[in-house]
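**Q** What follows is work-v7.json, made up of JSON, C-alpha atoms:
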[["chain", "number", "residue", "atom", "x", "y", "z"],
["A", 1, "MET", "CA", 125.36, -47.71, 34.47],
["A", 2, "CYS", "CA", 125.40, -48.89, 30.84],
["A", 3, "TRP", "CA", 122.31, -50.09, 28.98],
["A", 4, "PRO", "CA", 123.28, -53.83, 28.93],
["A", 5, "GLN", "CA", 123.54, -53.76, 32.74],
["A", 6, "VAL", "CA", 120.16, -52.04, 33.05],
["A", 7, "LYS", "CA", 118.64, -54.60, 30.70],
["A", 8, "CYS", "CA", 120.09, -57.53, 32.66],
["A", 9, "GLN", "CA", 118.85, -56.09, 35.94],
["A", 10, "ALA", "CA", 115.35, -55.63, 34.53],
["A", 11, "ILE", "CA", 115.27, -59.20, 33.19],
["A", 12, "GLY", "CA", 116.44, -60.56, 36.54],
["A", 13, "LEU", "CA", 113.79, -58.51, 38.33],
["A", 14, "LEU", "CA", 111.10, -59.83, 36.00],
["A", 15, "HIS", "CA", 112.17, -63.42, 36.62],
["A", 16, "ALA", "CA", 112.13, -62.92, 40.39],
["A", 17, "CYS", "CA", 108.70, -61.24, 40.29],
["A", 18, "GLU", "CA", 107.26, -64.03, 38.16],
["A", 19, "ARG", "CA", 108.63, -66.53, 40.65],
["A", 20, "ALA", "CA", 107.20, -64.66, 43.65],
["A", 21, "LEU", "CA", 103.76, -64.24, 42.09],
["A", 22, "SER", "CA", 103.65, -67.89, 41.07],
["A", 23, "LYS", "CA", 104.64, -69.10, 44.52],
["A", 24, "HIS", "CA", 102.21, -66.71, 46.20],
["A", 25, "ALA", "CA", 99.36, -68.11, 44.11],
["A", 26, "VAL", "CA", 100.30, -71.64, 45.19],
["A", 27, "LYS", "CA", 100.68, -70.53, 48.81],
["A", 28, "GLU", "CA", 97.21, -69.01, 48.86],
["A", 29, "ASP", "CA", 95.00, -70.91, 46.43],
["A", 30, "SER", "CA", 94.56, -71.29, 42.71],
["A", 31, "GLU", "CA", 91.91, -68.55, 42.57],
["A", 32, "SER", "CA", 94.41, -65.93, 43.77],
["A", 33, "LYS", "CA", 96.10, -65.95, 40.36],
["A", 34, "GLY", "CA", 93.49, -63.52, 39.07],
["A", 35, "ARG", "CA", 93.64, -61.04, 41.93],
["A", 36, "PRO", "CA", 94.63, -57.42, 41.21],
["A", 37, "VAL", "CA", 98.31, -56.67, 41.77],
["A", 38, "THR", "CA", 99.93, -53.38, 42.79],
["A", 39, "ILE", "CA", 103.68, -53.34, 42.18],
["A", 40, "VAL", "CA", 105.82, -50.76, 43.96],
["A", 41, "ASP", "CA", 109.37, -50.33, 42.62],
["A", 42, "LEU", "CA", 111.39, -48.85, 45.47],
["A", 43, "CYS", "CA", 114.28, -46.50, 44.64],
["A", 44, "SER", "CA", 113.38, -47.01, 41.00],
["A", 45, "GLY", "CA", 115.75, -44.48, 39.47],
["A", 46, "LYS", "CA", 114.59, -43.80, 35.92],
["A", 47, "GLY", "CA", 112.27, -46.75, 36.20],
["A", 48, "PHE", "CA", 113.38, -49.02, 33.37],
["A", 49, "GLY", "CA", 112.69, -52.01, 35.60],
["A", 50, "SER", "CA", 109.30, -50.50, 36.41],
["A", 51, "LEU", "CA", 108.61, -50.17, 32.70],
["A", 52, "VAL", "CA", 109.45, -53.83, 32.06],
["A", 53, "LEU", "CA", 107.13, -54.89, 34.88],
["A", 54, "ALA", "CA", 104.31, -52.64, 33.65],
["A", 55, "CYS", "CA", 104.58, -54.08, 30.14],
["A", 56, "SER", "CA", 104.87, -57.65, 31.43],
["A", 57, "PHE", "CA", 101.92, -57.35, 33.81],
["A", 58, "PRO", "CA", 99.48, -55.09, 31.93],
["A", 59, "ASP", "CA", 96.64, -55.78, 34.36],
["A", 60, "SER", "CA", 98.69, -54.55, 37.32],
["A", 61, "GLN", "CA", 99.30, -51.05, 38.62],
["A", 62, "VAL", "CA", 103.02, -50.25, 38.81],
["A", 63, "ILE", "CA", 104.20, -47.37, 40.99],
["A", 64, "ALA", "CA", 107.83, -46.29, 40.68],
["A", 65, "VAL", "CA", 109.01, -44.44, 43.77],
["A", 66, "ASP", "CA", 112.23, -42.49, 44.11],
["A", 67, "LEU", "CA", 113.68, -39.57, 46.03],
["A", 68, "ASN", "CA", 114.50, -37.66, 42.83],
["A", 69, "PRO", "CA", 111.44, -36.02, 41.20],
["A", 70, "ASN", "CA", 113.45, -34.31, 38.44],
["A", 71, "MET", "CA", 114.23, -37.28, 36.19],
["A", 72, "ASP", "CA", 113.11, -37.49, 32.58],
["A", 73, "LEU", "CA", 110.36, -40.10, 32.73],
["A", 74, "ALA", "CA", 108.92, -39.59, 29.26],
["A", 75, "HIS", "CA", 109.15, -43.34, 28.67],
["A", 76, "PHE", "CA", 106.51, -43.86, 31.35],
["A", 77, "GLY", "CA", 103.97, -42.75, 28.76],
["A", 78, "LEU", "CA", 104.43, -46.09, 27.01],
["A", 79, "CYS", "CA", 102.40, -47.87, 29.71],
["A", 80, "PRO", "CA", 99.12, -46.46, 31.06],
["A", 81, "ASN", "CA", 99.46, -48.64, 34.17],
["A", 82, "LEU", "CA", 102.77, -47.03, 35.21],
["A", 83, "SER", "CA", 103.08, -43.98, 37.45],
["A", 84, "PHE", "CA", 105.71, -42.19, 39.55],
["A", 85, "ARG", "CA", 105.60, -41.11, 43.18],
["A", 86, "GLU", "CA", 108.26, -39.11, 44.99],
["A", 87, "MET", "CA", 109.26, -40.84, 48.21],
["A", 88, "ASN", "CA", 112.18, -40.99, 50.59],
["A", 89, "LEU", "CA", 112.45, -44.62, 51.70],
["A", 90, "GLU", "CA", 114.28, -43.50, 54.84],
["A", 91, "SER", "CA", 111.45, -41.16, 55.89],
["A", 92, "ALA", "CA", 108.78, -42.62, 58.16],
["A", 93, "ALA", "CA", 106.35, -39.89, 57.09],
["A", 94, "THR", "CA", 106.49, -40.60, 53.36],
["A", 95, "THR", "CA", 106.57, -44.37, 53.74],
["A", 96, "GLY", "CA", 103.57, -44.05, 56.05],
["A", 97, "GLU", "CA", 101.70, -42.24, 53.29],
["A", 98, "LEU", "CA", 102.56, -45.06, 50.89],
["A", 99, "VAL", "CA", 101.32, -47.70, 53.34],
["A", 100, "ASP", "CA", 98.06, -45.76, 53.79],
["A", 101, "MET", "CA", 97.63, -45.63, 50.02],
["A", 102, "LEU", "CA", 98.28, -49.35, 49.65],
["A", 103, "MET", "CA", 95.78, -50.15, 52.38],
["A", 104, "SER", "CA", 93.08, -48.57, 50.21],
["A", 105, "ARG", "CA", 93.66, -51.15, 47.46],
["A", 106, "PRO", "CA", 90.96, -53.73, 46.63],
["A", 107, "GLN", "CA", 90.42, -56.07, 49.56],
["A", 108, "ASP", "CA", 91.75, -59.09, 47.69],
["A", 109, "GLY", "CA", 94.55, -57.14, 45.99],
["A", 110, "LEU", "CA", 98.17, -58.26, 46.26],
["A", 111, "VAL", "CA", 101.00, -55.78, 46.89],
["A", 112, "LEU", "CA", 104.38, -56.64, 45.41],
["A", 113, "LEU", "CA", 107.26, -54.53, 46.77],
["A", 114, "VAL", "CA", 110.40, -54.71, 44.65],
["A", 115, "GLY", "CA", 113.85, -53.18, 44.89],
["A", 116, "VAL", "CA", 116.94, -53.80, 42.77],
["A", 117, "HIS", "CA", 120.42, -53.13, 44.15],
["A", 118, "LEU", "CA", 119.35, -51.05, 47.11],
["A", 119, "CYS", "CA", 122.43, -49.91, 48.99],
["A", 120, "GLY", "CA", 123.08, -50.45, 52.68],
["A", 121, "MET", "CA", 120.24, -49.48, 54.99],
["A", 122, "LEU", "CA", 117.85, -48.98, 52.06],
["A", 123, "SER", "CA", 117.48, -52.76, 51.85],
["A", 124, "ILE", "CA", 116.56, -52.88, 55.53],
["A", 125, "HIS", "CA", 114.04, -50.07, 55.07],
["A", 126, "ALA", "CA", 112.49, -51.94, 52.14],
["A", 127, "ALA", "CA", 112.11, -55.12, 54.19],
["A", 128, "ARG", "CA", 110.59, -53.19, 57.08],
["A", 129, "LEU", "CA", 108.17, -51.48, 54.72],
["A", 130, "PHE", "CA", 107.09, -54.95, 53.60],
["A", 131, "ARG", "CA", 106.36, -55.80, 57.23],
["A", 132, "GLN", "CA", 104.11, -52.74, 57.52],
["A", 133, "VAL", "CA", 102.00, -53.55, 54.46],
["A", 134, "PRO", "CA", 99.10, -55.81, 55.41],
["A", 135, "GLY", "CA", 98.84, -59.04, 53.43],
["A", 136, "PRO", "CA", 98.47, -60.40, 50.93],
["A", 137, "ALA", "CA", 101.88, -59.08, 49.93],
["A", 138, "ALA", "CA", 105.22, -60.14, 48.50],
["A", 139, "LEU", "CA", 108.76, -58.77, 48.66],
["A", 140, "VAL", "CA", 111.36, -59.10, 45.89],
["A", 141, "LEU", "CA", 114.58, -57.44, 47.00],
["A", 142, "ALA", "CA", 118.05, -57.57, 45.44],
["A", 143, "PRO", "CA", 120.44, -55.93, 47.91],
["A", 144, "CYS", "CA", 123.55, -54.13, 46.73],
["A", 145, "CYS", "CA", 126.53, -53.10, 48.82],
["A", 146, "LEU", "CA", 126.86, -54.02, 52.47],
["A", 147, "ASP", "CA", 125.78, -51.51, 55.06],
["A", 148, "LYS", "CA", 128.94, -49.88, 56.42],
["A", 149, "ARG", "CA", 126.99, -48.92, 59.55],
["A", 150, "LEU", "CA", 126.76, -52.61, 60.47],
["A", 151, "PRO", "CA", 130.35, -53.56, 61.33],
["A", 152, "GLY", "CA", 131.61, -57.09, 61.38],
["A", 153, "ILE", "CA", 129.63, -58.50, 58.45],
["A", 154, "LYS", "CA", 132.70, -59.29, 56.37],
["A", 155, "GLN", "CA", 134.48, -60.83, 59.36],
["A", 156, "ARG", "CA", 131.52, -63.06, 60.27],
["A", 157, "ALA", "CA", 131.13, -64.13, 56.64],
["A", 158, "LYS", "CA", 134.82, -65.00, 56.49],
["A", 159, "ARG", "CA", 134.55, -67.10, 59.65],
["A", 160, "LEU", "CA", 131.62, -68.98, 58.11],
["A", 161, "GLY", "CA", 133.46, -69.39, 54.82],
["A", 162, "ILE", "CA", 130.80, -67.70, 52.68],
["A", 163, "ASP", "CA", 130.73, -64.67, 50.42],
["A", 164, "PRO", "CA", 129.98, -61.43, 52.35],
["A", 165, "TYR", "CA", 127.25, -60.47, 49.87],
["A", 166, "VAL", "CA", 125.51, -63.82, 50.29],
["A", 167, "TYR", "CA", 125.84, -63.45, 54.07],
["A", 168, "TRP", "CA", 124.25, -59.98, 53.84],
["A", 169, "CYS", "CA", 121.34, -61.37, 51.81],
["A", 170, "LEU", "CA", 120.81, -64.23, 54.26],
["A", 171, "LYS", "CA", 120.95, -61.80, 57.18],
["A", 172, "LEU", "CA", 118.21, -59.69, 55.58],
["A", 173, "LEU", "CA", 116.13, -62.77, 54.78],
["A", 174, "ILE", "CA", 116.33, -64.23, 58.28],
["A", 175, "GLU", "CA", 116.31, -61.10, 60.43],
["A", 176, "GLU", "CA", 114.10, -58.70, 58.46],
["A", 177, "VAL", "CA", 111.51, -60.90, 56.73],
["A", 178, "PRO", "CA", 109.08, -62.28, 59.35],
["A", 179, "ALA", "CA", 109.36, -65.98, 60.11],
["A", 180, "SER", "CA", 105.61, -66.26, 59.53],
["A", 181, "CYS", "CA", 106.23, -65.55, 55.84],
["A", 182, "ARG", "CA", 107.41, -67.95, 53.22],
["A", 183, "ARG", "CA", 111.05, -66.97, 52.65],
["A", 184, "GLU", "CA", 113.50, -67.75, 49.88],
["A", 185, "LEU", "CA", 116.85, -66.61, 48.53],
["A", 186, "PHE", "CA", 116.73, -66.77, 44.73],
["A", 187, "GLN", "CA", 119.70, -66.26, 42.40],
["A", 188, "ASP", "CA", 119.33, -65.31, 38.73],
["A", 189, "ASP", "CA", 122.39, -65.71, 36.51],
["A", 190, "ASP", "CA", 120.73, -63.64, 33.77],
["A", 191, "MET", "CA", 121.60, -60.53, 35.79],
["A", 192, "GLN", "CA", 125.23, -61.17, 34.81],
["A", 193, "THR", "CA", 126.62, -59.83, 38.06],
["A", 194, "SER", "CA", 127.81, -61.41, 41.29],
["A", 195, "ARG", "CA", 125.10, -59.43, 43.09],
["A", 196, "ASN", "CA", 122.31, -61.49, 41.63],
["A", 197, "SER", "CA", 120.49, -62.67, 44.75],
["A", 198, "PHE", "CA", 116.87, -61.83, 45.48],
["A", 199, "VAL", "CA", 115.39, -61.92, 48.96],
["A", 200, "ILE", "CA", 111.81, -63.10, 48.50],
["A", 201, "GLY", "CA", 109.13, -62.96, 51.17],
["A", 202, "LEU", "CA", 105.48, -63.95, 50.82],
["A", 203, "LYS", "CA", 102.67, -63.34, 53.25],
["A", 204, "SER", "CA", 98.97, -64.04, 53.02],
["A", 205, "GLY", "CA", 96.09, -61.96, 54.31],
["A", 206, "ARG", "CA", 96.35, -63.70, 57.65],
["A", 207, "HIS", "CA", 99.63, -61.95, 58.63]]
Write the structure described by the file as C-alpha coordinates, please.
**A**
Amino acid sequence: MCWPQVKCQAIGLLHACERALSKHAVKEDSESKGRPVTIVDLCSGKGFGSLVLACSFPDSQVIAVDLNPNMDLAHFGLCPNLSFREMNLESAATTGELVDMLMSRPQDGLVLLVGVHLCGMLSIHAARLFRQVPGPAALVLAPCCLDKRLPGIKQRAKRLGIDPYVYWCLKLLIEEVPASCRRELFQDDDMQTSRNSFVIGLKSGRH
(Lines of atoms letter the chains of each structure in order from A and count residues from 1; the text may use other names and numbers.)
(Lines give C-alpha, C1' and ligand atoms only; values in the text may rest on other atoms or scores of the structure.)
Protein backbone atom coordinates (compact mmCIF):
# COMPACT_ATOMS: atom_id res chain seq x y z
CA MET A 1 0.00 0.00 0.00
CA CYS A 2 1.40 3.41 -0.98
CA TRP A 3 1.85 6.29 1.46
CA PRO A 4 -1.05 8.45 0.10
CA GLN A 5 -3.43 5.53 0.71
CA VAL A 6 -2.11 5.04 4.24
CA LYS A 7 -2.48 8.75 4.91
CA CYS A 8 -6.08 8.80 3.63
CA GLN A 9 -6.98 5.78 5.72
CA ALA A 10 -5.52 7.37 8.84
CA ILE A 11 -7.40 10.63 8.22
CA GLY A 12 -10.65 8.73 7.70
CA LEU A 13 -10.05 6.77 10.89
CA LEU A 14 -9.42 9.96 12.83
CA HIS A 15 -12.64 11.52 11.54
CA ALA A 16 -14.66 8.42 12.48
CA CYS A 17 -13.10 8.28 15.96
CA GLU A 18 -13.79 11.96 16.57
CA ARG A 19 -17.39 11.36 15.53
CA ALA A 20 -17.77 8.32 17.79
CA LEU A 21 -16.24 10.03 20.82
CA SER A 22 -18.39 13.12 20.30
CA LYS A 23 -21.58 11.09 19.98
CA HIS A 24 -20.67 8.94 22.98
CA ALA A 25 -20.24 12.05 25.11
CA VAL A 26 -23.69 13.25 24.05
CA LYS A 27 -25.17 9.79 24.62
CA GLU A 28 -23.82 9.63 28.16
CA ASP A 29 -23.60 13.16 29.54
CA SER A 30 -21.49 16.25 29.09
CA GLU A 31 -19.14 15.27 31.92
CA SER A 32 -18.05 12.13 30.07
CA LYS A 33 -15.99 14.25 27.66
CA GLY A 34 -13.14 14.30 30.16
CA ARG A 35 -13.07 10.59 30.93
CA PRO A 36 -9.89 8.60 30.21
CA VAL A 37 -9.89 6.82 26.85
CA THR A 38 -8.11 3.61 25.87
CA ILE A 39 -7.92 3.12 22.11
CA VAL A 40 -7.20 -0.35 20.72
CA ASP A 41 -6.23 -0.48 17.03
CA LEU A 42 -7.04 -4.01 15.88
CA CYS A 43 -4.87 -5.57 13.15
CA SER A 44 -2.89 -2.35 13.15
CA GLY A 45 -0.12 -3.39 10.79
CA LYS A 46 2.74 -0.92 11.18
CA GLY A 47 0.43 1.29 13.17
CA PHE A 48 0.42 4.54 11.21
CA GLY A 49 -3.26 4.95 12.05
CA SER A 50 -2.40 4.22 15.68
CA LEU A 51 0.26 6.92 15.56
CA VAL A 52 -2.20 9.49 14.20
CA LEU A 53 -4.67 8.65 16.96
CA ALA A 54 -1.99 8.81 19.66
CA CYS A 55 -0.87 12.24 18.45
CA SER A 56 -4.45 13.47 18.07
CA PHE A 57 -5.56 12.25 21.50
CA PRO A 58 -2.48 12.80 23.68
CA ASP A 59 -4.38 12.13 26.91
CA SER A 60 -5.45 8.67 25.72
CA GLN A 61 -3.62 5.36 25.80
CA VAL A 62 -3.36 3.81 22.33
CA ILE A 63 -2.61 0.10 21.99
CA ALA A 64 -1.79 -1.22 18.53
CA VAL A 65 -2.41 -4.96 18.28
CA ASP A 66 -1.33 -7.22 15.45
CA LEU A 67 -0.39 -10.83 14.80
CA ASN A 68 3.06 -9.87 13.50
CA PRO A 69 5.54 -8.95 16.27
CA ASN A 70 8.50 -8.49 13.89
CA MET A 71 7.60 -5.15 12.31
CA ASP A 72 9.80 -2.08 12.56
CA LEU A 73 7.87 0.12 14.97
CA ALA A 74 10.56 2.71 15.64
CA HIS A 75 8.04 5.45 14.87
CA PHE A 76 6.09 4.44 17.97
CA GLY A 77 8.75 6.27 19.97
CA LEU A 78 7.26 9.55 18.77
CA CYS A 79 4.31 9.18 21.15
CA PRO A 80 4.73 8.09 24.78
CA ASN A 81 1.05 7.09 24.92
CA LEU A 82 1.42 4.50 22.11
CA SER A 83 2.32 0.85 22.65
CA PHE A 84 2.21 -2.46 20.78
CA ARG A 85 0.72 -5.79 21.82
CA GLU A 86 0.95 -9.03 19.86
CA MET A 87 -2.49 -10.56 19.43
CA ASN A 88 -4.30 -12.93 17.12
CA LEU A 89 -7.81 -11.53 16.72
CA GLU A 90 -9.06 -14.99 15.77
CA SER A 91 -7.76 -16.56 19.00
CA ALA A 92 -10.17 -16.67 21.93
CA ALA A 93 -7.24 -17.00 24.34
CA THR A 94 -5.41 -13.84 23.30
CA THR A 95 -8.56 -11.76 22.89
CA GLY A 96 -9.61 -12.94 26.35
CA GLU A 97 -6.34 -11.59 27.73
CA LEU A 98 -7.04 -8.26 26.06
CA VAL A 99 -10.54 -8.09 27.52
CA ASP A 100 -9.15 -8.86 30.99
CA MET A 101 -6.62 -6.06 30.58
CA LEU A 102 -9.28 -3.60 29.45
CA MET A 103 -11.48 -4.50 32.40
CA SER A 104 -8.72 -3.24 34.70
CA ARG A 105 -8.99 0.27 33.24
CA PRO A 106 -10.28 3.16 35.38
CA GLN A 107 -13.91 2.61 36.31
CA ASP A 108 -15.12 5.56 34.27
CA GLY A 109 -12.72 4.91 31.39
CA LEU A 110 -13.96 4.55 27.83
CA VAL A 111 -12.63 1.84 25.50
CA LEU A 112 -12.56 2.65 21.79
CA LEU A 113 -11.97 -0.38 19.54
CA VAL A 114 -10.95 0.54 16.01
CA GLY A 115 -10.14 -1.45 12.89
CA VAL A 116 -9.46 -0.25 9.35
CA HIS A 117 -10.03 -2.52 6.37
CA LEU A 118 -10.25 -5.75 8.29
CA CYS A 119 -10.76 -8.61 5.86
CA GLY A 120 -13.56 -11.15 6.00
CA MET A 121 -14.11 -12.78 9.37
CA LEU A 122 -11.72 -10.35 11.09
CA SER A 123 -14.47 -7.72 10.98
CA ILE A 124 -16.85 -10.14 12.69
CA HIS A 125 -14.25 -10.96 15.33
CA ALA A 126 -13.72 -7.24 15.97
CA ALA A 127 -17.45 -6.66 16.45
CA ARG A 128 -17.72 -9.64 18.78
CA LEU A 129 -14.75 -8.39 20.79
CA PHE A 130 -16.64 -5.12 21.20
CA ARG A 131 -19.56 -7.08 22.63
CA GLN A 132 -17.25 -8.68 25.21
CA VAL A 133 -15.80 -5.40 26.47
CA PRO A 134 -17.96 -3.97 29.25
CA GLY A 135 -19.17 -0.42 28.70
CA PRO A 136 -18.60 2.37 28.35
CA ALA A 137 -17.16 1.45 24.97
CA ALA A 138 -17.26 2.36 21.29
CA LEU A 139 -16.53 0.53 18.05
CA VAL A 140 -15.18 2.15 14.88
CA LEU A 141 -14.80 -0.50 12.19
CA ALA A 142 -14.12 -0.10 8.46
CA PRO A 143 -14.58 -3.54 6.89
CA CYS A 144 -12.63 -4.56 3.81
CA CYS A 145 -13.35 -7.47 1.50
CA LEU A 146 -16.41 -9.66 1.90
CA ASP A 147 -16.06 -12.89 3.80
CA LYS A 148 -15.86 -15.69 1.24
CA ARG A 149 -17.00 -18.13 3.93
CA LEU A 150 -20.41 -16.43 3.95
CA PRO A 151 -21.90 -17.34 0.57
CA GLY A 152 -24.73 -15.45 -1.03
CA ILE A 153 -23.83 -11.92 0.07
CA LYS A 154 -23.30 -10.63 -3.46
CA GLN A 155 -26.49 -12.30 -4.67
CA ARG A 156 -28.60 -10.85 -1.85
CA ALA A 157 -27.09 -7.40 -2.40
CA LYS A 158 -27.89 -7.64 -6.10
CA ARG A 159 -31.50 -8.58 -5.36
CA LEU A 160 -31.78 -5.55 -3.08
CA GLY A 161 -30.11 -3.31 -5.64
CA ILE A 162 -27.29 -2.15 -3.36
CA ASP A 163 -23.52 -2.37 -3.48
CA PRO A 164 -22.21 -5.66 -1.96
CA TYR A 165 -19.73 -3.77 0.23
CA VAL A 166 -22.47 -1.55 1.64
CA TYR A 167 -24.61 -4.65 2.22
CA TRP A 168 -21.70 -6.28 4.09
CA CYS A 169 -21.30 -3.20 6.29
CA LEU A 170 -25.02 -3.08 7.05
CA LYS A 171 -25.03 -6.80 7.84
CA LEU A 172 -22.22 -6.28 10.36
CA LEU A 173 -23.95 -3.25 11.85
CA ILE A 174 -27.31 -4.96 12.29
CA GLU A 175 -26.27 -8.51 13.14
CA GLU A 176 -23.04 -8.04 15.10
CA VAL A 177 -23.47 -4.74 16.97
CA PRO A 178 -26.05 -5.22 19.76
CA ALA A 179 -29.40 -3.51 19.26
CA SER A 180 -29.02 -2.00 22.73
CA CYS A 181 -26.15 0.12 21.37
CA ARG A 182 -26.41 3.28 19.38
CA ARG A 183 -25.51 2.20 15.83
CA GLU A 184 -24.49 4.14 12.76
CA LEU A 185 -22.96 3.61 9.33
CA PHE A 186 -20.66 6.54 8.58
CA GLN A 187 -18.97 7.21 5.23
CA ASP A 188 -15.88 9.41 4.87
CA ASP A 189 -14.95 10.56 1.37
CA ASP A 190 -11.52 11.68 2.58
CA MET A 191 -10.47 8.02 2.54
CA GLN A 192 -10.55 8.26 -1.27
CA THR A 193 -11.68 4.69 -1.73
CA SER A 194 -15.02 3.01 -2.34
CA ARG A 195 -14.48 1.09 0.91
CA ASN A 196 -14.96 4.15 3.06
CA SER A 197 -17.75 3.02 5.39
CA PHE A 198 -17.34 2.84 9.16
CA VAL A 199 -19.54 0.69 11.35
CA ILE A 200 -19.94 2.64 14.59
CA GLY A 201 -21.37 1.23 17.80
CA LEU A 202 -21.69 3.00 21.15
CA LYS A 203 -22.59 1.50 24.49
CA SER A 204 -22.76 3.01 27.94
CA GLY A 205 -21.80 1.45 31.24
CA ARG A 206 -25.29 0.01 31.55
CA HIS A 207 -24.76 -2.61 28.78
**Q** Hey, can you check how far CA of Ser83 in chain A sits from CA of Gln61 in chain A?
**A**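 Answer for the CA of Ser83 in chain A to CA of Gln61 in chain A separation: 8.1 Å.
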**Q** When distances are computed from only C-alpha atoms, which of A:Ala179, A:Cys43, A:Leu21, A:Val140 shows the smallest separation from Leu118 in chain A?
**A**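 Checking each candidate against Leu118 in chain A, we get A:Cys43 as the closest.
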**Q** One number please: CA of Glu175 in chain A to CA of Leu141 in chain A, in Å, one decimal.
**A**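 One can read the CA of Glu175 in chain A to CA of Leu141 in chain A distance as 14.0 Å.
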**Q** Sort by chain and increasing residue number a table of all residues of range 64-124 of chain A within 12 Å of range 161-174 of chain A, each with its closest pair of atoms and their distance in Å to one decimal, counting all atoms listed in the file, and write it as a tab-separated table.
**A**
residue	atom	partner	partner_atom	distance
A:His117	CA	A:Cys169	CA	11.3
A:Leu118	CA	A:Cys169	CA	11.5
A:Cys119	CA	A:Trp168	CA	11.3
A:Gly120	CA	A:Trp168	CA	9.7
A:Met121	CA	A:Leu172	CA	10.4
A:Leu122	CA	A:Leu172	CA	11.3
A:Ser123	CA	A:Leu172	CA	7.9
A:Ile124	CA	A:Leu172	CA	7.0
**Q** I'd like the neighbourhood of Cys8 in chain A as a PyMOL selection string, where a residue qualifies if any of its atoms comes within 7 Å (using all atoms listed in the file), though same-chain residues fewer than 4 positions away should be ignored.
**A** chain A and resi 4+12+190-192
**Q** Dig up all the protein and nucleic acid residues within 10 Å of (99.0, -46.9, 37.6) in the file frame, using only C-alpha atoms, and format them as a ChimeraX atom specification.
**A** /A:38-39,54,58-64,79-84
**Q** Enclose range 178-195 of chain A, meaning all of its atoms listed in the file, in a box aligned along x, y and z, pad it by 3 Å on each side, and list the centre and edge lengths in Å to one decimal, as lines of an AutoDock Vina configuration file.
**A**
center_x = 116.7
center_y = -63.7
center_z = 46.9
size_x = 28.2
size_y = 14.5
size_z = 32.3
**Q** Could you check the closest approach to Cys55 in chain A for each of A:Ile153, A:Phe76, A:Arg19, A:Val116 and tell me which residue wins, using only C-alpha atoms?
**A**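 Of the candidates, the smallest distance to Cys55 in chain A is held by A:Phe76.
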**Q** Please provide the set of residues having any atom within 9 Å of Val99 in chain A, restricted to only C-alpha atoms, with same-chain residues fewer than 5 positions apart removed, written as an MDAnalysis selection string.
**A** chainID A and resid 94 104 129 132:134
**Q** Mind dumping the selected residues with C-alpha atoms as a short mmCIF file (atom, residue, chain, number, x, y, z; two decimals), in the frame of the given file?
**A**
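Output (part-v2.cif):
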data_model
loop_
_atom_site.label_atom_id
_atom_site.label_comp_id
_atom_site.auth_asym_id
_atom_site.auth_seq_id
_atom_site.Cartn_x
_atom_site.Cartn_y
_atom_site.Cartn_z
CA THR A 94 106.49 -40.60 53.36
CA SER A 104 93.08 -48.57 50.21
CA LEU A 129 108.17 -51.48 54.72
CA GLN A 132 104.11 -52.74 57.52
CA VAL A 133 102.00 -53.55 54.46
CA PRO A 134 99.10 -55.81 55.41
#
**Q** Kindly indicate which residue among A:Ser56, A:Ser91, A:Asn196, A:Gln9 lies nearest to Ser44 in chain A, using only C-alpha atoms for the distances.
**A**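 Result for the nearest residue to Ser44 in chain A: A:Gln9.
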